[in-house]
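Structure file my_file29.cif (mmCIF, C-alpha atoms) is printed below.
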data_upload
#
loop_
_atom_site.group_PDB
_atom_site.id
_atom_site.type_symbol
_atom_site.label_atom_id
_atom_site.label_comp_id
_atom_site.auth_asym_id
_atom_site.auth_seq_id
_atom_site.Cartn_x
_atom_site.Cartn_y
_atom_site.Cartn_z
ATOM 1 C CA MET A 13 0.000 0.000 0.000
ATOM 2 C CA SER A 14 1.031 3.563 -0.589
ATOM 3 C CA ASP A 15 1.321 6.303 2.022
ATOM 4 C CA HIS A 16 -2.263 7.439 1.315
ATOM 5 C CA GLY A 17 -3.672 3.968 1.880
ATOM 6 C CA GLU A 18 -4.236 3.253 -1.802
ATOM 7 C CA HIS A 19 -3.240 -0.014 -3.393
ATOM 8 C CA SER A 20 -0.448 0.502 -5.982
ATOM 9 C CA THR A 21 -0.281 -1.487 -9.173
ATOM 10 C CA PRO A 22 2.562 -3.985 -9.102
ATOM 11 C CA GLY A 23 5.303 -3.123 -11.606
ATOM 12 C CA LYS A 24 4.050 0.450 -12.275
ATOM 13 C CA GLY A 25 7.387 2.050 -11.405
ATOM 14 C CA LEU A 26 9.256 -0.434 -13.579
ATOM 15 C CA VAL A 27 7.031 0.370 -16.547
ATOM 16 C CA GLN A 28 7.562 4.136 -16.086
ATOM 17 C CA GLY A 29 11.319 3.682 -15.983
ATOM 18 C CA LEU A 30 11.317 1.516 -19.108
ATOM 19 C CA ALA A 31 9.181 4.123 -20.882
ATOM 20 C CA VAL A 32 11.878 6.734 -20.366
ATOM 21 C CA THR A 33 14.486 4.291 -21.664
ATOM 22 C CA LEU A 34 12.457 3.477 -24.779
ATOM 23 C CA LYS A 35 11.869 7.167 -25.464
ATOM 24 C CA THR A 36 15.600 7.852 -25.278
ATOM 25 C CA MET A 37 16.420 4.929 -27.564
ATOM 26 C CA THR A 38 14.356 6.437 -30.372
ATOM 27 C CA LYS A 39 16.338 9.710 -30.381
ATOM 28 C CA ARG A 40 19.508 10.283 -32.369
ATOM 29 C CA SER A 41 22.754 9.863 -30.456
ATOM 30 C CA VAL A 42 24.772 13.047 -29.860
ATOM 31 C CA THR A 43 27.879 11.390 -28.435
ATOM 32 C CA GLN A 44 31.090 12.968 -29.750
ATOM 33 C CA GLN A 45 33.567 10.463 -31.093
ATOM 34 C CA TYR A 46 36.488 11.540 -28.905
ATOM 35 C CA PRO A 47 39.468 11.100 -29.365
ATOM 36 C CA ASP A 48 38.864 10.480 -33.070
ATOM 37 C CA VAL A 49 36.978 13.782 -33.352
ATOM 38 C CA GLU A 50 38.274 16.764 -31.381
ATOM 39 C CA PRO A 51 35.609 18.575 -29.376
ATOM 40 C CA GLU A 52 34.741 22.177 -30.264
ATOM 41 C CA LEU A 53 35.543 24.176 -27.143
ATOM 42 C CA PRO A 54 35.025 27.890 -26.539
ATOM 43 C CA PRO A 55 38.171 29.944 -27.151
ATOM 44 C CA ARG A 56 38.425 31.041 -23.490
ATOM 45 C CA SER A 57 38.053 27.572 -21.971
ATOM 46 C CA ARG A 58 39.984 26.786 -18.799
ATOM 47 C CA GLY A 59 42.256 23.955 -19.771
ATOM 48 C CA VAL A 60 45.796 24.499 -18.503
ATOM 49 C CA ILE A 61 47.735 27.553 -17.285
ATOM 50 C CA ALA A 62 50.577 28.924 -19.426
ATOM 51 C CA LEU A 63 53.477 31.063 -18.169
ATOM 52 C CA SER A 64 55.173 33.969 -19.957
ATOM 53 C CA GLU A 65 58.513 34.014 -18.152
ATOM 54 C CA GLU A 66 59.674 37.379 -19.518
ATOM 55 C CA ASN A 67 56.609 39.093 -18.012
ATOM 56 C CA CYS A 68 57.079 37.658 -14.524
ATOM 57 C CA THR A 69 58.609 40.053 -11.957
ATOM 58 C CA VAL A 70 58.497 37.583 -9.011
ATOM 59 C CA CYS A 71 55.985 39.745 -7.147
ATOM 60 C CA MET A 72 54.592 36.564 -5.476
ATOM 61 C CA LEU A 73 50.975 37.743 -5.777
ATOM 62 C CA CYS A 74 49.824 34.544 -7.480
ATOM 63 C CA ALA A 75 51.441 32.300 -4.854
ATOM 64 C CA ARG A 76 49.984 34.309 -1.951
ATOM 65 C CA GLU A 77 46.446 34.408 -3.393
ATOM 66 C CA CYS A 78 46.272 30.741 -4.410
ATOM 67 C CA PRO A 79 43.709 29.034 -2.134
ATOM 68 C CA ASP A 80 45.295 25.588 -2.700
ATOM 69 C CA TRP A 81 48.944 26.625 -2.312
ATOM 70 C CA CYS A 82 49.846 24.782 -5.487
ATOM 71 C CA ILE A 83 52.248 27.444 -6.889
ATOM 72 C CA TYR A 84 55.924 27.313 -5.916
ATOM 73 C CA ILE A 85 58.277 30.208 -6.775
ATOM 74 C CA ASP A 86 62.008 30.699 -6.116
ATOM 75 C CA SER A 87 64.183 33.599 -7.262
ATOM 76 C CA HIS A 88 67.381 35.520 -6.610
ATOM 77 C CA LYS A 89 68.527 39.118 -7.113
ATOM 78 C CA GLU A 90 71.118 40.348 -9.564
ATOM 79 C CA GLU A 91 72.849 43.712 -9.842
ATOM 80 C CA VAL A 92 72.463 45.612 -13.087
ATOM 81 C CA VAL A 93 75.005 48.335 -13.849
ATOM 82 C CA VAL A 94 73.334 51.343 -15.481
ATOM 83 C CA PRO A 95 75.670 53.775 -17.289
ATOM 84 C CA GLY A 96 75.626 57.158 -15.581
ATOM 85 C CA ALA A 97 73.892 55.914 -12.428
ATOM 86 C CA ALA A 98 75.408 56.499 -8.997
ATOM 87 C CA ARG A 99 74.989 52.878 -7.924
ATOM 88 C CA PRO A 100 73.943 49.602 -9.593
ATOM 89 C CA ARG A 101 70.327 48.521 -9.546
ATOM 90 C CA GLN A 102 68.878 45.165 -8.541
ATOM 91 C CA ARG A 103 66.338 42.995 -10.328
ATOM 92 C CA ASN A 104 64.665 39.693 -9.502
ATOM 93 C CA VAL A 105 65.545 36.641 -11.586
ATOM 94 C CA LEU A 106 63.070 33.762 -11.713
ATOM 95 C CA ASP A 107 64.635 30.420 -10.762
ATOM 96 C CA ARG A 108 61.604 28.215 -10.217
ATOM 97 C CA PHE A 109 57.926 28.496 -11.117
ATOM 98 C CA ASP A 110 55.968 25.279 -10.639
ATOM 99 C CA ILE A 111 52.216 24.596 -10.613
ATOM 100 C CA ASP A 112 50.912 21.334 -9.169
ATOM 101 C CA PHE A 113 47.798 20.561 -11.250
ATOM 102 C CA SER A 114 46.953 17.625 -8.995
ATOM 103 C CA LEU A 115 46.004 20.251 -6.366
ATOM 104 C CA CYS A 116 44.814 23.046 -8.653
ATOM 105 C CA MET A 117 41.065 23.760 -8.546
ATOM 106 C CA TYR A 118 41.142 25.923 -11.735
ATOM 107 C CA CYS A 119 39.646 28.953 -10.018
ATOM 108 C CA GLY A 120 41.730 31.412 -12.071
ATOM 109 C CA ILE A 121 42.600 33.708 -9.158
ATOM 110 C CA CYS A 122 46.313 33.593 -9.997
ATOM 111 C CA ILE A 123 45.605 34.790 -13.534
ATOM 112 C CA GLU A 124 43.330 37.596 -12.361
ATOM 113 C CA VAL A 125 45.727 39.011 -9.748
ATOM 114 C CA CYS A 126 48.823 38.958 -11.987
ATOM 115 C CA PRO A 127 49.557 42.650 -12.739
ATOM 116 C CA PHE A 128 51.869 41.948 -15.707
ATOM 117 C CA ASP A 129 49.922 39.282 -17.677
ATOM 118 C CA ALA A 130 52.431 36.528 -17.000
ATOM 119 C CA LEU A 131 49.767 33.803 -16.620
ATOM 120 C CA HIS A 132 47.169 32.860 -19.261
ATOM 121 C CA TRP A 133 44.449 30.268 -19.776
ATOM 122 C CA THR A 134 44.702 27.846 -22.696
ATOM 123 C CA PRO A 135 41.941 25.514 -23.951
ATOM 124 C CA GLU A 136 44.324 22.505 -23.966
ATOM 125 C CA PHE A 137 43.182 19.751 -21.630
ATOM 126 C CA GLU A 138 45.061 16.699 -22.878
ATOM 127 C CA TYR A 139 47.808 16.519 -20.268
ATOM 128 C CA ALA A 140 46.712 13.470 -18.293
ATOM 129 C CA GLU A 141 49.479 11.420 -16.681
ATOM 130 C CA THR A 142 49.732 7.901 -15.345
ATOM 131 C CA ASP A 143 51.717 9.180 -12.352
ATOM 132 C CA VAL A 144 50.294 11.958 -10.207
ATOM 133 C CA LEU A 145 53.766 13.363 -9.623
ATOM 134 C CA ASP A 146 54.050 14.196 -13.304
ATOM 135 C CA LEU A 147 51.250 16.762 -12.947
ATOM 136 C CA LEU A 148 53.789 19.143 -11.396
ATOM 137 C CA HIS A 149 54.660 21.428 -14.342
ATOM 138 C CA ASP A 150 57.836 23.488 -14.139
ATOM 139 C CA LYS A 151 58.433 26.868 -15.811
ATOM 140 C CA ASN A 152 59.762 25.278 -19.012
ATOM 141 C CA ARG A 153 56.671 23.138 -19.507
ATOM 142 C CA LEU A 154 54.397 26.005 -18.555
ATOM 143 C CA GLY A 155 56.170 28.148 -21.134
ATOM 144 C CA ASP A 156 55.512 25.552 -23.841
ATOM 145 C CA TRP A 157 51.775 26.048 -23.349
ATOM 146 C CA MET A 158 52.070 29.692 -24.482
ATOM 147 C CA ARG A 159 51.818 28.634 -28.136
ATOM 148 C CA THR A 160 48.254 27.412 -27.484
ATOM 149 C CA VAL A 161 47.021 30.636 -25.856
ATOM 150 C CA PRO A 162 44.239 32.116 -28.044
ATOM 151 C CA PRO A 163 44.468 35.788 -29.006
ATOM 152 C CA PRO A 164 42.512 38.210 -26.847
ATOM 153 C CA PRO A 165 39.091 39.278 -28.083
ATOM 154 C CA ALA A 166 38.984 42.429 -30.167
ATOM 155 C CA HIS A 167 37.852 45.615 -28.493
ATOM 156 C CA ASP A 168 34.550 47.191 -29.355
ATOM 157 C CA VAL A 169 34.974 49.923 -31.970
ATOM 158 C CA LEU A 170 32.575 52.210 -30.133
ATOM 159 C CA GLY A 171 33.969 51.346 -26.694
ATOM 160 C CA GLU A 172 36.749 52.907 -24.696
ATOM 161 C CA PRO A 173 40.333 51.606 -25.029
ATOM 162 C CA SER A 174 41.772 49.455 -22.288
ATOM 163 C CA LYS A 175 43.743 50.929 -19.410
ATOM 164 C CA GLU A 176 47.031 49.603 -20.782
ATOM 165 C CA GLU A 177 46.416 51.066 -24.244
ATOM 166 C CA ALA A 178 45.420 54.446 -22.817
ATOM 167 C CA THR A 179 48.539 54.560 -20.613
ATOM 168 C CA ALA A 180 50.847 53.666 -23.513
ATOM 169 C CA ALA A 181 49.237 56.265 -25.784
ATOM 170 C CA ARG A 182 49.537 58.930 -23.077
ATOM 171 C CA LYS A 183 53.233 58.225 -22.573
ATOM 172 C CA ALA A 184 53.934 58.228 -26.319
ATOM 173 C CA ALA A 185 52.041 61.476 -26.937
ATOM 174 C CA GLY A 186 53.670 63.379 -24.087
ATOM 175 C CA PRO A 187 52.154 65.443 -21.273
ATOM 176 C CA GLY A 188 49.280 67.758 -22.103
ATOM 177 C CA THR A 189 48.395 66.049 -25.409
ATOM 178 C CA ALA A 190 44.910 64.768 -26.133
ATOM 179 C CA THR A 191 44.928 60.988 -26.513
ATOM 180 C CA ALA A 192 42.487 58.606 -28.143
ATOM 181 C CA ALA A 193 40.799 57.959 -24.782
ATOM 182 C CA LYS A 194 39.923 61.655 -24.476
ATOM 183 C CA THR A 195 39.001 62.324 -28.080
ATOM 184 C CA ALA A 196 37.221 59.049 -28.858
ATOM 185 C CA ARG A 197 33.683 59.600 -30.032
ATOM 186 C CA PRO A 198 31.162 57.109 -31.364
ATOM 187 C CA ALA A 199 31.048 57.020 -35.128
ATOM 188 C CA VAL A 200 27.954 58.664 -36.593
ATOM 189 C CA ARG A 201 26.758 57.621 -40.015
ATOM 190 C CA ARG A 202 26.057 60.660 -42.138
ATOM 191 C CA THR A 203 24.051 60.510 -45.356
ATOM 192 C CA PRO A 204 25.579 62.689 -48.113
ATOM 193 C CA PRO A 205 23.193 65.127 -49.836
ATOM 194 C CA ALA A 206 21.582 63.845 -53.020
ATOM 195 C CA THR A 207 22.303 67.001 -55.051
ATOM 196 C CA ALA A 208 25.910 67.571 -54.027
ATOM 197 C CA PRO A 209 27.861 69.365 -56.798
ATOM 198 C CA ALA A 210 30.772 67.499 -58.341
ATOM 199 C CA ALA A 211 34.152 68.643 -57.088
ATOM 200 C CA SER A 212 36.209 70.386 -59.773
ATOM 201 C CA THR A 213 39.890 69.677 -60.175
ATOM 202 C CA GLY A 214 40.915 73.254 -61.171
ATOM 203 C CA PRO A 215 41.170 76.287 -58.884
ATOM 204 C CA PRO A 216 37.851 77.850 -57.901
ATOM 205 C CA ALA A 217 36.714 80.784 -60.066
ATOM 206 C CA PRO A 218 36.619 84.209 -58.351
ATOM 207 C CA PRO A 219 33.133 85.530 -57.602
ATOM 208 C CA PRO A 220 31.772 88.227 -59.994
ATOM 209 C CA PRO A 221 31.987 91.831 -58.759
ATOM 210 C CA ALA A 222 28.872 93.139 -57.118
ATOM 211 C CA ALA A 223 26.865 95.687 -59.146
ATOM 212 C CA PRO A 224 26.581 99.191 -57.563
ATOM 213 C CA PRO A 225 23.151 100.012 -56.174
ATOM 214 C CA PRO A 226 20.932 102.223 -58.468
ATOM 215 C CA PRO A 227 20.627 105.940 -57.535
ATOM 216 C CA PRO A 228 17.395 106.927 -55.795
ATOM 217 C CA PRO A 229 14.755 108.626 -58.036
ATOM 218 C CA PRO A 230 14.365 112.447 -57.735
ATOM 219 C CA LEU A 231 11.615 113.582 -55.431
ATOM 220 C CA SER A 232 8.929 115.996 -56.699
ATOM 221 C CA ALA A 233 7.969 119.193 -54.926
ATOM 222 C CA GLU A 234 4.788 117.635 -53.646
ATOM 223 C CA ALA A 235 6.551 114.568 -52.349
ATOM 224 C CA ALA A 236 9.595 116.399 -50.993
ATOM 225 C CA PRO A 237 9.908 116.090 -47.242
ATOM 226 C CA PRO A 238 9.325 119.274 -45.308
ATOM 227 C CA SER A 239 12.265 121.174 -43.903
ATOM 228 C CA PRO A 240 12.980 120.987 -40.198
ATOM 229 C CA ALA A 241 11.681 124.501 -39.726
ATOM 230 C CA GLU A 242 8.458 123.712 -41.542
ATOM 231 C CA ALA A 243 8.045 120.484 -39.736
ATOM 232 C CA LEU A 244 7.832 122.215 -36.358
ATOM 233 C CA PRO A 245 4.279 123.177 -35.243
ATOM 234 C CA PRO A 246 3.523 126.916 -35.287
ATOM 235 C CA ALA A 247 4.175 128.579 -32.018
ATOM 236 C CA GLU A 248 1.069 129.837 -30.220
ATOM 237 C CA ALA A 249 0.719 133.555 -30.161
ATOM 238 C CA ALA A 250 1.505 134.921 -26.754
ATOM 239 C CA PRO A 251 -1.164 137.112 -25.187
ATOM 240 C CA PRO A 252 -0.352 140.805 -25.423
ATOM 241 C CA ALA A 253 1.327 142.189 -22.376
ATOM 242 C CA GLU A 254 -0.680 144.651 -20.388
ATOM 243 C CA ALA A 255 0.756 148.099 -20.264
ATOM 244 C CA ALA A 256 2.152 148.935 -16.894
ATOM 245 C CA PRO A 257 0.385 151.866 -15.273
ATOM 246 C CA GLN A 258 2.512 154.970 -15.274
ATOM 247 C CA GLU A 259 3.260 156.368 -11.876
ATOM 248 C CA SER A 260 2.548 159.971 -11.355
ATOM 249 C CA ALA A 261 4.408 162.292 -9.158
ATOM 250 C CA VAL A 262 1.502 162.320 -6.774
ATOM 251 C CA ASP A 263 1.657 158.568 -6.193
ATOM 252 C CA ARG A 264 5.423 158.441 -5.477
ATOM 253 C CA PRO A 265 6.382 160.187 -2.260
ATOM 254 C CA ASP A 266 10.117 159.935 -3.021
ATOM 255 C CA ARG A 267 9.886 162.216 -5.973
ATOM 256 C CA PRO A 268 11.300 165.625 -5.302
ATOM 257 C CA ASP A 269 8.680 167.308 -7.429
ATOM 258 C CA ARG A 270 5.838 166.188 -5.229
ATOM 259 C CA PRO A 271 3.790 169.312 -4.499
ATOM 260 C CA ASP A 272 2.553 168.226 -1.109
ATOM 261 C CA ARG A 273 6.030 167.398 0.148
ATOM 262 C CA PRO A 274 7.438 169.970 2.592
ATOM 263 C CA GLU A 275 10.484 171.850 1.612
ATOM 264 C CA SER A 276 12.556 170.385 4.431
ATOM 265 C CA GLU A 277 12.200 166.925 2.841
ATOM 266 C CA ARG A 278 12.861 167.996 -0.657
#
Before we go any further, please render this structure as structure tokens.
Amino acid sequence: MSDHGEHSTPGKGLVQGLAVTLKTMTKRSVTQQYPDVEPELPPRSRGVIALSEENCTVCMLCARECPDWCIYIDSHKEEVVVPGAARPRQRNVLDRFDIDFSLCMYCGICIEVCPFDALHWTPEFEYAETDVLDLLHDKNRLGDWMRTVPPPPAHDVLGEPSKEEATAARKAAGPGTATAAKTARPAVRRTPPATAPAASTGPPAPPPPAAPPPPPPPLSAEAAPPSPAEALPPAEAAPPAEAAPQESAVDRPDRPDRPDRPESER
């Protein structure tokens, strides 16, 4: 009996399983015939790690960031005499760079943290060994994988250049010069005009001289503009001034000829 108390049909599960098998048998097989036929892998597949020894500066970032501790690096310092320098300089020389692929988990952290592009992914995966100790690849074997590294994808035409390209262009152009990162603009498709004149091969002809403007027609007496004096409105006639009353000798006491003035005041 089932969990719900119902009686189950004997052999029902077996029939359902065989139905799935029969349905799969009628479909076309998609099995790749490896190793006779090589599989088509994406170009950025994670197969094996390749080393570019000339790019490595022994900064130890990859070994410190590896979560499995499967990278082993040894180096020594050498003095380089620079002409004109006060003292010789030192540089790191790579002695050992091994990766143990029996411990590697293919996380890609070492490739991402490398500041000088010394490590690269390759799509090669056919490096199986019968002995696990042979999965320890030294710097020479890691360098042989560089020939299988695919080229990087092309940049977008309308996108911005990478940081490395912008830095190299800025150094080559000099300080204060506009680089491609500053002057890059998306391309705009322009449609040429339909009636564009054909370009002539000879020098352009000079433009014709401009004709002088015609003289203005003479004005008649009726149409002549009035003079400034005539254009002014006539002044209003001022009211006549009243004659001032004449003072007589009688009205002015300061006159010496006043008859009523005593002689002592005259």
Would you mind telling me which residue in A:Met117, A:Val92, A:Val105, A:Val27 lies nearest to Glu66 in chain A when using only C-alpha atoms?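 Nearest to Glu66 in chain A: A:Val105.
Here the PyMOL selection byres ((chain A and resi 74) around 8) catches exactly these residues: Met72, Leu73, Ala75, Arg76, Glu77, Cys78, Ile83, Ile121, Cys122, Ile123, Val125 and Cys126 of chain A.
Coordinates place CA of Glu172 in chain A at a distance of 23.1 Å from CA of Pro55 in chain A.
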If we count all atoms listed in the file and set the cut-off at 12 Å, which residues sit around Glu91 in chain A, ignoring sequence neighbours fewer than 3 positions away in its own chain? Please answer as a list in words.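 Skipping anything fewer than 3 positions along the chain leaves His88, Val94, Arg99, Pro100, Arg101, Gln102, Arg103, Asn104 and Val105 of chain A.
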Written as a ChimeraX atom specification, what is the full residue list that the PyMOL selection byres ((chain A and resi 58-60) around 8) yields on the file shown? /A:56-57,61-62,118,133-137,157
Taking (49.8, 21.7, -0.5) in the file's coordinates as the center, which residues reach within 12 Å of it, counting only C-alpha atoms, put as a list of chain:residue names?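 Output of the proximity query reads A:Ala75, A:Cys78, A:Pro79, A:Asp80, A:Trp81, A:Cys82, A:Ile83, A:Tyr84, A:Ile111, A:Asp112, A:Phe113, A:Ser114, A:Leu115, A:Cys116, A:Leu148.
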Kindly export the residues of the current selection with C-alpha atoms, as a PDB file, keeping the file's coordinate frame.
ATOM      1  CA  ALA A  75      51.441  32.300  -4.854  1.00  0.00           C
ATOM      2  CA  CYS A  78      46.272  30.741  -4.410  1.00  0.00           C
ATOM      3  CA  PRO A  79      43.709  29.034  -2.134  1.00  0.00           C
ATOM      4  CA  ASP A  80      45.295  25.588  -2.700  1.00  0.00           C
ATOM      5  CA  TRP A  81      48.944  26.625  -2.312  1.00  0.00           C
ATOM      6  CA  CYS A  82      49.846  24.782  -5.487  1.00  0.00           C
ATOM      7  CA  ILE A  83      52.248  27.444  -6.889  1.00  0.00           C
ATOM      8  CA  TYR A  84      55.924  27.313  -5.916  1.00  0.00           C
ATOM      9  CA  ILE A 111      52.216  24.596 -10.613  1.00  0.00           C
ATOM     10  CA  ASP A 112      50.912  21.334  -9.169  1.00  0.00           C
ATOM     11  CA  PHE A 113      47.798  20.561 -11.250  1.00  0.00           C
ATOM     12  CA  SER A 114      46.953  17.625  -8.995  1.00  0.00           C
ATOM     13  CA  LEU A 115      46.004  20.251  -6.366  1.00  0.00           C
ATOM     14  CA  CYS A 116      44.814  23.046  -8.653  1.00  0.00           C
ATOM     15  CA  LEU A 148      53.789  19.143 -11.396  1.00  0.00           C
TER      16      LEU A 148
END
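For the atom pair formed by CA of Asn67 in chain A and CA of Thr160 in chain A, the distance is 17.2 Å, given to one decimal.
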Output check: residues returned by the PyMOL selection byres ((chain A and resi 87) around 9), as an mmCIF file with C-alpha atoms, keeping the file's coordinate frame:
data_model
loop_
_atom_site.group_PDB
_atom_site.id
_atom_site.type_symbol
_atom_site.label_atom_id
_atom_site.label_comp_id
_atom_site.auth_asym_id
_atom_site.auth_seq_id
_atom_site.Cartn_x
_atom_site.Cartn_y
_atom_site.Cartn_z
ATOM 1 C CA VAL A 70 58.497 37.583 -9.011
ATOM 2 C CA ILE A 85 58.277 30.208 -6.775
ATOM 3 C CA ASP A 86 62.008 30.699 -6.116
ATOM 4 C CA HIS A 88 67.381 35.520 -6.610
ATOM 5 C CA LYS A 89 68.527 39.118 -7.113
ATOM 6 C CA ASN A 104 64.665 39.693 -9.502
ATOM 7 C CA VAL A 105 65.545 36.641 -11.586
ATOM 8 C CA LEU A 106 63.070 33.762 -11.713
ATOM 9 C CA ASP A 107 64.635 30.420 -10.762
ATOM 10 C CA ARG A 108 61.604 28.215 -10.217
ATOM 11 C CA PHE A 109 57.926 28.496 -11.117
#
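Rounded to one decimal, CA of Ala130 in chain A and CA of Ala181 in chain A lie 21.8 Å from each other.
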Choose the residue, out of A:Val93, A:Leu26, A:Met158, A:Val32, that has the smallest atom-to-atom separation from Asp129 in chain A; count only C-alpha atoms. A:Met158
